[in-house]
>>> print(open('protein26.cif').read())   # mmCIF, C-alpha atoms
data_entry
loop_
_atom_site.label_atom_id
_atom_site.label_comp_id
_atom_site.auth_asym_id
_atom_site.auth_seq_id
_atom_site.Cartn_x
_atom_site.Cartn_y
_atom_site.Cartn_z
CA MET Q 21 87.17 127.86 103.59
CA HIS Q 22 90.68 128.27 104.97
CA ASN Q 23 93.75 129.21 102.96
CA THR Q 24 95.87 126.80 105.01
CA LEU Q 25 95.16 123.26 106.08
CA PRO Q 26 94.37 122.58 109.74
CA SER Q 27 96.95 120.68 111.77
CA LEU Q 28 97.02 116.90 111.80
CA ALA Q 29 96.02 116.93 115.46
CA SER Q 30 92.98 119.06 114.63
CA ILE Q 31 91.94 116.77 111.77
CA THR Q 32 92.32 113.53 113.72
CA SER Q 33 90.42 114.89 116.73
CA ARG Q 34 87.43 116.00 114.63
CA LEU Q 35 87.21 113.53 111.77
CA HIS Q 36 85.06 110.41 112.27
CA LEU Q 37 84.96 107.11 110.40
CA ARG Q 38 81.26 107.55 109.63
CA GLN Q 39 82.10 110.79 107.83
CA LEU Q 40 84.62 108.93 105.67
CA ARG Q 41 81.95 106.37 104.81
CA LEU Q 42 79.71 109.25 103.74
CA LEU Q 43 82.41 110.64 101.42
CA ILE Q 44 82.78 107.25 99.74
CA ALA Q 45 79.01 106.95 99.33
CA LEU Q 46 78.81 110.45 97.86
CA SER Q 47 81.52 109.55 95.38
CA ASP Q 48 79.73 106.32 94.44
CA HIS Q 49 76.26 107.84 94.00
CA GLY Q 50 76.73 111.59 93.37
CA SER Q 51 73.52 112.05 95.32
CA LEU Q 52 73.19 113.28 98.88
CA LEU Q 53 69.93 111.37 99.35
CA LYS Q 54 71.29 108.02 98.14
CA ALA Q 55 74.51 108.49 100.09
CA ALA Q 56 72.52 109.30 103.22
CA GLU Q 57 70.47 106.13 102.81
CA GLN Q 58 73.61 104.02 102.42
CA VAL Q 59 75.15 105.25 105.69
CA ALA Q 60 71.82 105.32 107.57
CA LEU Q 61 71.50 109.11 107.88
CA THR Q 62 68.68 111.48 107.04
CA GLN Q 63 69.34 113.82 104.13
CA PRO Q 64 69.63 116.84 106.49
CA GLY Q 65 71.95 114.77 108.68
CA ALA Q 66 74.15 113.87 105.70
CA SER Q 67 74.23 117.51 104.58
CA LYS Q 68 75.31 118.58 108.06
CA ALA Q 69 77.94 115.83 108.19
CA LEU Q 70 79.40 116.96 104.84
CA GLN Q 71 79.59 120.54 106.10
CA GLU Q 72 81.40 119.29 109.21
CA ILE Q 73 83.93 117.36 107.11
CA GLU Q 74 84.63 120.38 104.90
CA SER Q 75 84.93 122.57 108.00
CA THR Q 76 87.34 120.10 109.60
CA LEU Q 77 89.57 120.03 106.51
CA GLY Q 78 89.07 123.69 105.62
CA VAL Q 79 88.39 122.97 101.93
CA GLN Q 80 85.44 122.41 99.61
CA LEU Q 81 85.18 118.75 98.62
CA PHE Q 82 82.16 118.76 96.28
CA THR Q 83 80.44 121.09 93.85
CA ARG Q 84 76.82 120.89 92.75
CA THR Q 85 76.24 120.24 89.03
CA ASN Q 86 73.26 119.21 86.94
CA ARG Q 87 74.53 115.62 87.31
CA GLY Q 88 74.61 115.84 91.09
CA LEU Q 89 77.50 116.30 93.51
CA GLU Q 90 80.91 116.21 91.82
CA PRO Q 91 84.17 115.92 93.83
CA THR Q 92 86.63 118.78 93.51
CA GLU Q 93 90.31 117.98 92.92
CA LEU Q 94 90.84 118.03 96.69
CA GLY Q 95 87.67 115.99 97.08
CA HIS Q 96 89.08 113.25 94.87
CA CYS Q 97 92.23 113.25 97.02
CA VAL Q 98 90.29 112.95 100.30
CA ILE Q 99 87.97 110.25 98.90
CA ARG Q 100 90.95 108.20 97.73
CA TYR Q 101 92.40 108.20 101.24
CA ALA Q 102 88.97 107.50 102.75
CA ARG Q 103 88.85 104.33 100.62
CA LEU Q 104 92.37 103.38 101.74
CA ILE Q 105 91.40 103.81 105.39
CA GLN Q 106 88.31 101.69 104.87
CA THR Q 107 90.39 99.01 103.15
CA ASP Q 108 92.92 99.08 105.99
CA LEU Q 109 90.16 98.66 108.55
CA THR Q 110 88.80 95.70 106.58
CA HIS Q 111 92.26 94.14 106.55
CA LEU Q 112 92.65 94.91 110.27
CA ARG Q 113 89.47 93.01 111.09
CA GLU Q 114 90.40 90.11 108.79
CA GLU Q 115 93.86 89.79 110.32
CA MET Q 116 92.55 90.01 113.89
CA LEU Q 117 89.92 87.38 113.11
CA SER Q 118 92.51 85.15 111.50
CA ILE Q 119 94.81 85.42 114.53
CA MET Q 120 91.93 84.78 116.97
CA GLN Q 121 91.01 81.64 115.03
CA GLY Q 122 94.60 80.41 115.14
CA HIS Q 123 95.33 81.10 111.49
CA GLY Q 124 98.27 82.88 109.93
CA GLY Q 125 97.29 86.51 109.52
CA ARG Q 126 97.95 88.59 106.40
CA LEU Q 127 101.01 89.52 104.33
CA ALA Q 128 101.26 92.29 101.73
CA VAL Q 129 104.34 91.91 99.54
CA GLY Q 130 105.55 93.69 96.42
CA THR Q 131 107.78 92.43 93.64
CA ILE Q 132 109.38 93.62 90.45
CA MET Q 133 108.60 91.57 87.35
CA GLY Q 134 111.85 89.63 87.17
CA ALA Q 135 111.58 88.40 90.76
CA VAL Q 136 108.07 86.93 90.42
CA PRO Q 137 109.30 83.28 90.18
CA LEU Q 138 111.55 83.86 93.21
CA LEU Q 139 108.64 85.29 95.20
CA THR Q 140 106.19 82.56 94.25
CA ASP Q 141 108.68 79.89 95.35
CA ALA Q 142 109.07 81.63 98.73
CA LEU Q 143 105.32 82.07 99.19
CA THR Q 144 104.70 78.42 98.31
CA ARG Q 145 107.06 77.37 101.09
CA LEU Q 146 105.37 79.74 103.53
CA LEU Q 147 101.86 78.56 102.63
CA GLU Q 148 102.85 74.95 103.20
CA SER Q 149 103.37 75.74 106.88
CA HIS Q 150 100.69 78.46 107.12
CA PRO Q 151 97.87 77.38 104.77
CA SER Q 152 95.37 79.91 106.18
CA LEU Q 153 97.60 82.90 105.50
CA SER Q 154 96.07 85.68 103.39
CA VAL Q 155 98.49 87.23 100.89
CA GLU Q 156 98.36 90.34 98.72
CA ILE Q 157 100.93 90.52 95.89
CA VAL Q 158 101.68 93.78 94.08
CA GLU Q 159 103.84 93.68 90.94
CA ASP Q 160 105.32 97.04 89.94
CA THR Q 161 108.54 99.00 89.46
CA SER Q 162 111.02 99.45 92.30
CA ALA Q 163 110.17 103.15 92.56
CA ARG Q 164 106.45 102.49 93.02
CA LEU Q 165 107.01 99.60 95.41
CA LEU Q 166 109.22 101.78 97.61
CA ARG Q 167 106.47 104.42 97.68
CA LEU Q 168 104.00 101.75 98.81
CA LEU Q 169 106.44 100.75 101.55
CA ASP Q 170 106.67 104.41 102.58
CA GLN Q 171 102.89 104.60 102.80
CA GLY Q 172 102.64 101.41 104.82
CA ARG Q 173 100.74 99.65 102.02
CA LEU Q 174 103.29 96.81 101.85
CA ASP Q 175 105.01 94.80 104.57
CA LEU Q 176 108.04 94.16 102.36
CA ALA Q 177 109.13 94.11 98.74
CA ILE Q 178 111.56 92.39 96.41
CA CYS Q 179 113.04 95.26 94.44
CA ARG Q 180 116.07 97.60 94.43
CA THR Q 181 116.76 100.56 96.71
CA SER Q 182 119.41 102.02 94.37
CA ILE Q 183 116.73 103.90 92.43
CA SER Q 184 115.79 105.88 95.56
CA GLN Q 185 117.35 109.21 96.50
CA ARG Q 186 117.14 108.05 100.13
CA PRO Q 187 118.18 104.38 100.24
CA ASP Q 188 119.02 104.91 103.91
CA LEU Q 189 115.29 104.89 104.63
CA TYR Q 190 115.18 101.14 104.00
CA ASP Q 191 116.60 97.92 105.41
CA ALA Q 192 117.65 95.70 102.53
CA PHE Q 193 119.83 92.70 101.80
CA ASN Q 194 120.78 91.13 98.50
CA ILE Q 195 118.98 87.86 97.80
CA HIS Q 196 119.57 86.98 94.15
CA ASP Q 197 121.77 88.09 91.26
CA GLU Q 198 119.65 88.93 88.23
CA GLN Q 199 120.63 87.38 84.92
CA LEU Q 200 118.96 88.56 81.74
CA ALA Q 201 117.89 86.80 78.56
CA VAL Q 202 116.54 87.93 75.20
CA VAL Q 203 113.31 86.17 74.35
CA ALA Q 204 110.97 86.02 71.38
CA SER Q 205 107.99 84.11 70.07
CA VAL Q 206 108.64 80.53 69.04
CA GLN Q 207 107.69 81.79 65.55
CA HIS Q 208 110.49 84.38 65.47
CA PRO Q 209 112.63 84.03 62.30
CA LEU Q 210 115.78 83.57 64.41
CA ALA Q 211 114.27 81.26 67.01
CA GLY Q 212 116.18 78.28 65.59
CA ALA Q 213 119.56 80.00 65.32
CA SER Q 214 122.54 78.38 67.08
CA SER Q 215 124.13 81.72 68.04
CA LEU Q 216 123.37 85.40 67.61
CA GLN Q 217 125.05 88.78 67.96
CA LEU Q 218 123.25 91.91 69.12
CA ALA Q 219 123.64 93.33 65.60
CA ASP Q 220 121.34 90.55 64.34
CA LEU Q 221 118.53 92.07 66.43
CA ALA Q 222 119.42 95.76 66.02
CA ASP Q 223 116.50 96.40 63.67
CA SER Q 224 113.96 94.48 65.76
CA ARG Q 225 111.23 96.14 67.78
CA TRP Q 226 112.11 95.62 71.43
CA VAL Q 227 109.74 95.26 74.36
CA VAL Q 228 111.53 96.85 77.30
CA TYR Q 229 111.05 98.16 80.79
CA SER Q 230 110.39 101.87 81.21
CA ALA Q 231 113.25 104.38 81.02
CA ASN Q 232 115.72 104.55 83.93
CA MET Q 233 114.87 101.03 85.10
CA PRO Q 234 117.95 98.78 85.64
CA MET Q 235 116.90 96.28 82.96
CA ARG Q 236 116.42 99.07 80.42
CA LEU Q 237 119.78 100.61 81.34
CA THR Q 238 121.44 97.23 80.89
CA LEU Q 239 120.13 96.98 77.34
CA GLU Q 240 121.28 100.51 76.57
CA ARG Q 241 124.79 99.63 77.73
CA GLU Q 242 124.80 96.50 75.59
CA PHE Q 243 123.95 98.54 72.47
CA HIS Q 244 126.51 101.21 73.38
CA ASP Q 245 129.30 98.67 73.93
CA ALA Q 246 128.45 96.98 70.61
CA ASP Q 247 128.66 100.38 68.89
CA LEU Q 248 125.06 100.09 67.77
CA ARG Q 249 122.32 102.71 67.77
CA PHE Q 250 119.76 102.04 70.50
CA PRO Q 251 116.35 101.22 68.96
CA LEU Q 252 114.12 104.27 68.53
CA HIS Q 253 110.74 102.55 68.38
CA LEU Q 254 110.23 100.70 71.64
CA MET Q 255 107.32 99.04 73.38
CA GLU Q 256 107.60 100.02 77.06
CA THR Q 257 105.80 98.11 79.80
CA THR Q 258 106.25 96.90 83.38
CA SER Q 259 103.97 93.90 82.88
CA ALA Q 260 105.18 90.38 82.15
CA PHE Q 261 101.76 89.42 80.81
CA THR Q 262 101.74 92.39 78.40
CA THR Q 263 105.24 91.45 77.25
CA LEU Q 264 104.18 87.86 76.55
CA SER Q 265 101.03 88.96 74.77
CA LEU Q 266 103.02 91.31 72.52
CA LEU Q 267 105.49 88.55 71.65
CA GLN Q 268 102.68 86.13 70.84
CA LYS Q 269 100.91 88.58 68.53
CA ASN Q 270 104.07 89.95 66.90
CA PRO Q 271 106.54 87.18 65.96
CA HIS Q 272 109.22 89.70 64.97
CA PHE Q 273 109.33 91.40 68.40
CA VAL Q 274 112.00 90.58 70.98
CA ALA Q 275 112.09 91.32 74.70
CA LEU Q 276 114.54 91.47 77.56
CA LEU Q 277 113.47 89.45 80.61
CA SER Q 278 115.09 88.00 83.69
CA VAL Q 279 116.37 84.47 83.11
CA ASP Q 280 113.96 83.16 85.76
CA VAL Q 281 110.92 84.60 83.95
CA ALA Q 282 112.31 83.64 80.51
CA GLN Q 283 112.87 80.03 81.57
CA PHE Q 284 109.39 79.82 83.08
CA CYS Q 285 107.76 81.08 79.88
CA THR Q 286 109.91 78.90 77.65
CA ARG Q 287 109.19 75.82 79.76
CA PHE Q 288 105.52 76.16 78.86
CA GLY Q 289 106.19 76.80 75.18
CA MET Q 290 105.21 80.48 75.27
CA THR Q 291 108.59 81.89 74.19
CA ARG Q 292 112.03 80.93 72.98
CA ILE Q 293 115.24 82.14 74.62
CA LEU Q 294 117.44 83.47 71.81
CA PRO Q 295 121.12 82.41 71.83
CA LEU Q 296 122.50 85.87 72.52
CA GLN Q 297 125.15 86.33 75.21
CA LEU Q 298 124.75 89.55 77.21
CA HIS Q 299 127.86 90.96 78.87
CA THR Q 300 126.45 93.56 81.27
CA ARG Q 301 125.79 92.43 84.83
CA SER Q 302 122.57 93.58 86.48
CA GLU Q 303 122.06 94.68 90.05
CA PRO Q 304 120.88 91.93 92.42
CA TYR Q 305 117.37 91.78 93.79
CA GLN Q 306 116.93 92.91 97.38
CA LEU Q 307 114.47 92.02 100.11
CA VAL Q 308 113.41 95.45 101.35
CA THR Q 309 111.53 96.74 104.39
CA ARG Q 310 111.02 100.29 105.64
CA HIS Q 311 113.69 101.14 108.24
CA GLY Q 312 112.26 101.36 111.75
CA THR Q 313 108.97 99.69 110.84
CA MET Q 314 107.56 97.17 113.31
CA LEU Q 315 107.09 94.03 111.25
CA SER Q 316 104.24 91.60 111.77
CA PRO Q 317 105.09 88.04 112.89
CA VAL Q 318 104.15 86.79 109.42
CA ALA Q 319 106.50 89.27 107.72
CA ARG Q 320 109.33 88.23 110.04
CA LEU Q 321 108.61 84.58 109.27
CA PHE Q 322 108.79 85.30 105.54
CA ILE Q 323 112.09 87.18 105.88
CA ASP Q 324 113.64 84.48 108.09
CA ASP Q 325 112.63 81.81 105.59
CA PHE Q 326 114.15 83.81 102.75
CA ALA Q 327 117.37 84.36 104.70
CA ARG Q 328 117.68 80.60 105.31
CA THR Q 329 116.70 79.45 101.84
CA VAL Q 330 118.29 82.01 99.51
CA ALA Q 331 122.00 82.54 100.02
CA PRO Q 332 122.70 86.30 99.86
CA GLN Q 333 124.79 87.34 96.86
CA GLU Q 334 127.71 89.62 97.63
#
>>> encode(input="protein26.cif", output="structure tokens")
Amino acid sequence: MHNTLPSLASITSRLHLRQLRLLIALSDHGSLLKAAEQVALTQPGASKALQEIESTLGVQLFTRTNRGLEPTELGHCVIRYARLIQTDLTHLREEMLSIMQGHGGRLAVGTIMGAVPLLTDALTRLLESHPSLSVEIVEDTSARLLRLLDQGRLDLAICRTSISQRPDLYDAFNIHDEQLAVVASVQHPLAGASSLQLADLADSRWVVYSANMPMRLTLEREFHDADLRFPLHLMETTSAFTTLSLLQKNPHFVALLSVDVAQFCTRFGMTRILPLQLHTRSEPYQLVTRHGTMLSPVARLFIDDFARTVAPQE
């Protein structure tokens, strides 16, 4: 095998989609015979095809063990991208078929937790006019959503570009100022209080976003400005569902959520918004696309609808 990787031009000219299907089958079965059967090759044909793939990439992708073929570290990497390519081709066919049948195509959109209600409102409006539209929603941190934009996995995202070292790589406009609320279970001992200070919750176990996230930094500033020690024992998560589950099971826990999410949960009796006034202002949400990317008609429609419906916050 080579010490350096072949050029991209060399790889793309020699690599075939059927070979990628074989890699996926090998990963699924760990058996050359079963993988060959799945992709309609003879076992010698599959063996030759695997050798051709490894020659094309210049690396060993599998090792033989007593359990069968096991992917190497590089093999796992190549298989992961083979699956992504196969998924993209599936989406390509679905979107082409949808367009040919006069339907709406497909939209892949990411969102941070606090903007979920904002996104669902926008998607509901879009689906009213395009009921056959297929939508993929990814909820994650801004950093991970920007990486998915970079990779072309998302058409757009509601997040923040300020966390990136290269915000110039994105087109973004502010769509909504984030307001934060402290929430707890309806069984929390202070759920019925008329007013609270941060010191009243200083000894509570907090459910917070991961370190260096804007919401987490806001809470740290609140504790600093109140001259209080920031809690040492935290529950860190990026999932709204996990946050709600923790609050339900642990009535003494408290969490910091966007007002939109907090009001949604409280409306259905899942949580109580505690009467604590926060003084730190959070960064607004942004509607973000990768700079220079050619957007699909559906993505443009979504952005235009957002621009008309949500007044940008300056």
>>> resolve_selection(input="protein26.cif", expression="the PyMOL selection byres ((chain Q and resi 260) around 12)", output="JSON, numbers by chain")
{"Q": [131, 132, 133, 134, 135, 136, 137, 159, 160, 161, 227, 228, 229, 256, 257, 258, 259, 261, 262, 263, 264, 265, 266, 267, 275, 276, 277, 278, 280, 281, 282, 284, 285]}
>>> resolve_selection(input="protein26.cif", expression="the PyMOL selection byres ((chain Q and resi 46-60) around 10)", output="tab-separated table (two decimals) with C-alpha atoms, in the frame of the given file")
chain	number	residue	atom	x	y	z
Q	38	ARG	CA	81.26	107.55	109.63
Q	39	GLN	CA	82.10	110.79	107.83
Q	40	LEU	CA	84.62	108.93	105.67
Q	41	ARG	CA	81.95	106.37	104.81
Q	42	LEU	CA	79.71	109.25	103.74
Q	43	LEU	CA	82.41	110.64	101.42
Q	44	ILE	CA	82.78	107.25	99.74
Q	45	ALA	CA	79.01	106.95	99.33
Q	61	LEU	CA	71.50	109.11	107.88
Q	62	THR	CA	68.68	111.48	107.04
Q	63	GLN	CA	69.34	113.82	104.13
Q	64	PRO	CA	69.63	116.84	106.49
Q	65	GLY	CA	71.95	114.77	108.68
Q	66	ALA	CA	74.15	113.87	105.70
Q	67	SER	CA	74.23	117.51	104.58
Q	69	ALA	CA	77.94	115.83	108.19
Q	70	LEU	CA	79.40	116.96	104.84
Q	82	PHE	CA	82.16	118.76	96.28
Q	84	ARG	CA	76.82	120.89	92.75
Q	85	THR	CA	76.24	120.24	89.03
Q	87	ARG	CA	74.53	115.62	87.31
Q	88	GLY	CA	74.61	115.84	91.09
Q	89	LEU	CA	77.50	116.30	93.51
Q	90	GLU	CA	80.91	116.21	91.82
Q	91	PRO	CA	84.17	115.92	93.83
Q	95	GLY	CA	87.67	115.99	97.08
Q	96	HIS	CA	89.08	113.25	94.87
Q	99	ILE	CA	87.97	110.25	98.90
Q	100	ARG	CA	90.95	108.20	97.73
>>> resolve_selection(input="protein26.cif", expression="the PyMOL selection byres ((chain Q and resi 219) around 10)", output="PyMOL selection string")
chain Q and resi 216-218+220-224+243+246-249
>>> closest_residue(input="protein26.cif", among="Q:Ile105, Q:Ala327, Q:Asn194, Q:Leu25", to="Val79 of chain Q", atoms="all atoms listed in the file")
Q:Leu25
>>> atom_distance(input="protein26.cif", atom1="atom CA of Gln199 of chain Q", atom2="atom CA of Leu298 of chain Q")
9.0 Å
>>> atom_distance(input="protein26.cif", atom1="atom CA of Leu296 of chain Q", atom2="atom CA of Leu139 of chain Q")
26.6 Å
>>> atom_distance(input="protein26.cif", atom1="atom CA of Thr181 of chain Q", atom2="atom CA of Arg301 of chain Q")
17.0 Å
>>> build_atoms(input="protein26.cif", residues="segment 239-256 of chain Q", atoms="N, CA, C and O atoms", output="PDB file, in the coordinates of the input")
ATOM      1  N   LEU Q 239     120.239  97.120  78.793  1.00  0.00           N
ATOM      2  CA  LEU Q 239     120.130  96.980  77.340  1.00  0.00           C
ATOM      3  C   LEU Q 239     120.796  98.155  76.628  1.00  0.00           C
ATOM      4  O   LEU Q 239     121.471  97.971  75.604  1.00  0.00           O
ATOM      5  N   GLU Q 240     120.635  99.346  77.172  1.00  0.00           N
ATOM      6  CA  GLU Q 240     121.280 100.510  76.570  1.00  0.00           C
ATOM      7  C   GLU Q 240     122.798 100.358  76.573  1.00  0.00           C
ATOM      8  O   GLU Q 240     123.475 100.706  75.591  1.00  0.00           O
ATOM      9  N   ARG Q 241     123.340  99.833  77.675  1.00  0.00           N
ATOM     10  CA  ARG Q 241     124.790  99.630  77.730  1.00  0.00           C
ATOM     11  C   ARG Q 241     125.242  98.580  76.722  1.00  0.00           C
ATOM     12  O   ARG Q 241     126.311  98.713  76.109  1.00  0.00           O
ATOM     13  N   GLU Q 242     124.452  97.542  76.555  1.00  0.00           N
ATOM     14  CA  GLU Q 242     124.800  96.500  75.590  1.00  0.00           C
ATOM     15  C   GLU Q 242     124.890  97.089  74.171  1.00  0.00           C
ATOM     16  O   GLU Q 242     125.822  96.798  73.418  1.00  0.00           O
ATOM     17  N   PHE Q 243     123.930  97.922  73.792  1.00  0.00           N
ATOM     18  CA  PHE Q 243     123.950  98.540  72.470  1.00  0.00           C
ATOM     19  C   PHE Q 243     125.132  99.503  72.349  1.00  0.00           C
ATOM     20  O   PHE Q 243     125.797  99.562  71.298  1.00  0.00           O
ATOM     21  N   HIS Q 244     125.390 100.253  73.417  1.00  0.00           N
ATOM     22  CA  HIS Q 244     126.510 101.210  73.380  1.00  0.00           C
ATOM     23  C   HIS Q 244     127.834 100.472  73.209  1.00  0.00           C
ATOM     24  O   HIS Q 244     128.685 100.854  72.395  1.00  0.00           O
ATOM     25  N   ASP Q 245     128.041  99.406  73.990  1.00  0.00           N
ATOM     26  CA  ASP Q 245     129.300  98.670  73.930  1.00  0.00           C
ATOM     27  C   ASP Q 245     129.487  97.956  72.601  1.00  0.00           C
ATOM     28  O   ASP Q 245     130.610  97.705  72.170  1.00  0.00           O
ATOM     29  N   ALA Q 246     128.362  97.636  71.930  1.00  0.00           N
ATOM     30  CA  ALA Q 246     128.450  96.980  70.610  1.00  0.00           C
ATOM     31  C   ALA Q 246     128.527  98.002  69.485  1.00  0.00           C
ATOM     32  O   ALA Q 246     128.541  97.626  68.310  1.00  0.00           O
ATOM     33  N   ASP Q 247     128.586  99.288  69.865  1.00  0.00           N
ATOM     34  CA  ASP Q 247     128.660 100.380  68.890  1.00  0.00           C
ATOM     35  C   ASP Q 247     127.464 100.361  67.944  1.00  0.00           C
ATOM     36  O   ASP Q 247     127.601 100.565  66.733  1.00  0.00           O
ATOM     37  N   LEU Q 248     126.300 100.114  68.529  1.00  0.00           N
ATOM     38  CA  LEU Q 248     125.060 100.090  67.770  1.00  0.00           C
ATOM     39  C   LEU Q 248     124.119 101.172  68.279  1.00  0.00           C
ATOM     40  O   LEU Q 248     124.122 101.502  69.465  1.00  0.00           O
ATOM     41  N   ARG Q 249     123.313 101.716  67.373  1.00  0.00           N
ATOM     42  CA  ARG Q 249     122.320 102.710  67.770  1.00  0.00           C
ATOM     43  C   ARG Q 249     121.205 102.020  68.561  1.00  0.00           C
ATOM     44  O   ARG Q 249     120.694 100.980  68.147  1.00  0.00           O
ATOM     45  N   PHE Q 250     120.839 102.616  69.707  1.00  0.00           N
ATOM     46  CA  PHE Q 250     119.760 102.040  70.500  1.00  0.00           C
ATOM     47  C   PHE Q 250     118.451 102.183  69.737  1.00  0.00           C
ATOM     48  O   PHE Q 250     118.184 103.231  69.133  1.00  0.00           O
ATOM     49  N   PRO Q 251     117.597 101.167  69.734  1.00  0.00           N
ATOM     50  CA  PRO Q 251     116.350 101.220  68.960  1.00  0.00           C
ATOM     51  C   PRO Q 251     115.501 102.432  69.324  1.00  0.00           C
ATOM     52  O   PRO Q 251     115.347 102.780  70.501  1.00  0.00           O
ATOM     53  N   LEU Q 252     114.930 103.061  68.310  1.00  0.00           N
ATOM     54  CA  LEU Q 252     114.120 104.270  68.530  1.00  0.00           C
ATOM     55  C   LEU Q 252     112.669 103.932  68.838  1.00  0.00           C
ATOM     56  O   LEU Q 252     112.007 104.643  69.593  1.00  0.00           O
ATOM     57  N   HIS Q 253     112.167 102.863  68.253  1.00  0.00           N
ATOM     58  CA  HIS Q 253     110.740 102.550  68.380  1.00  0.00           C
ATOM     59  C   HIS Q 253     110.570 101.365  69.333  1.00  0.00           C
ATOM     60  O   HIS Q 253     110.696 100.208  68.948  1.00  0.00           O
ATOM     61  N   LEU Q 254     110.308 101.697  70.584  1.00  0.00           N
ATOM     62  CA  LEU Q 254     110.230 100.700  71.640  1.00  0.00           C
ATOM     63  C   LEU Q 254     108.785 100.465  72.070  1.00  0.00           C
ATOM     64  O   LEU Q 254     107.917 101.316  71.874  1.00  0.00           O
ATOM     65  N   MET Q 255     108.564  99.318  72.670  1.00  0.00           N
ATOM     66  CA  MET Q 255     107.320  99.040  73.380  1.00  0.00           C
ATOM     67  C   MET Q 255     107.696  98.988  74.857  1.00  0.00           C
ATOM     68  O   MET Q 255     108.448  98.104  75.279  1.00  0.00           O
ATOM     69  N   GLU Q 256     107.217  99.941  75.650  1.00  0.00           N
ATOM     70  CA  GLU Q 256     107.600 100.020  77.060  1.00  0.00           C
ATOM     71  C   GLU Q 256     106.463  99.522  77.947  1.00  0.00           C
ATOM     72  O   GLU Q 256     105.323  99.947  77.805  1.00  0.00           O
TER      73      GLU Q 256
END
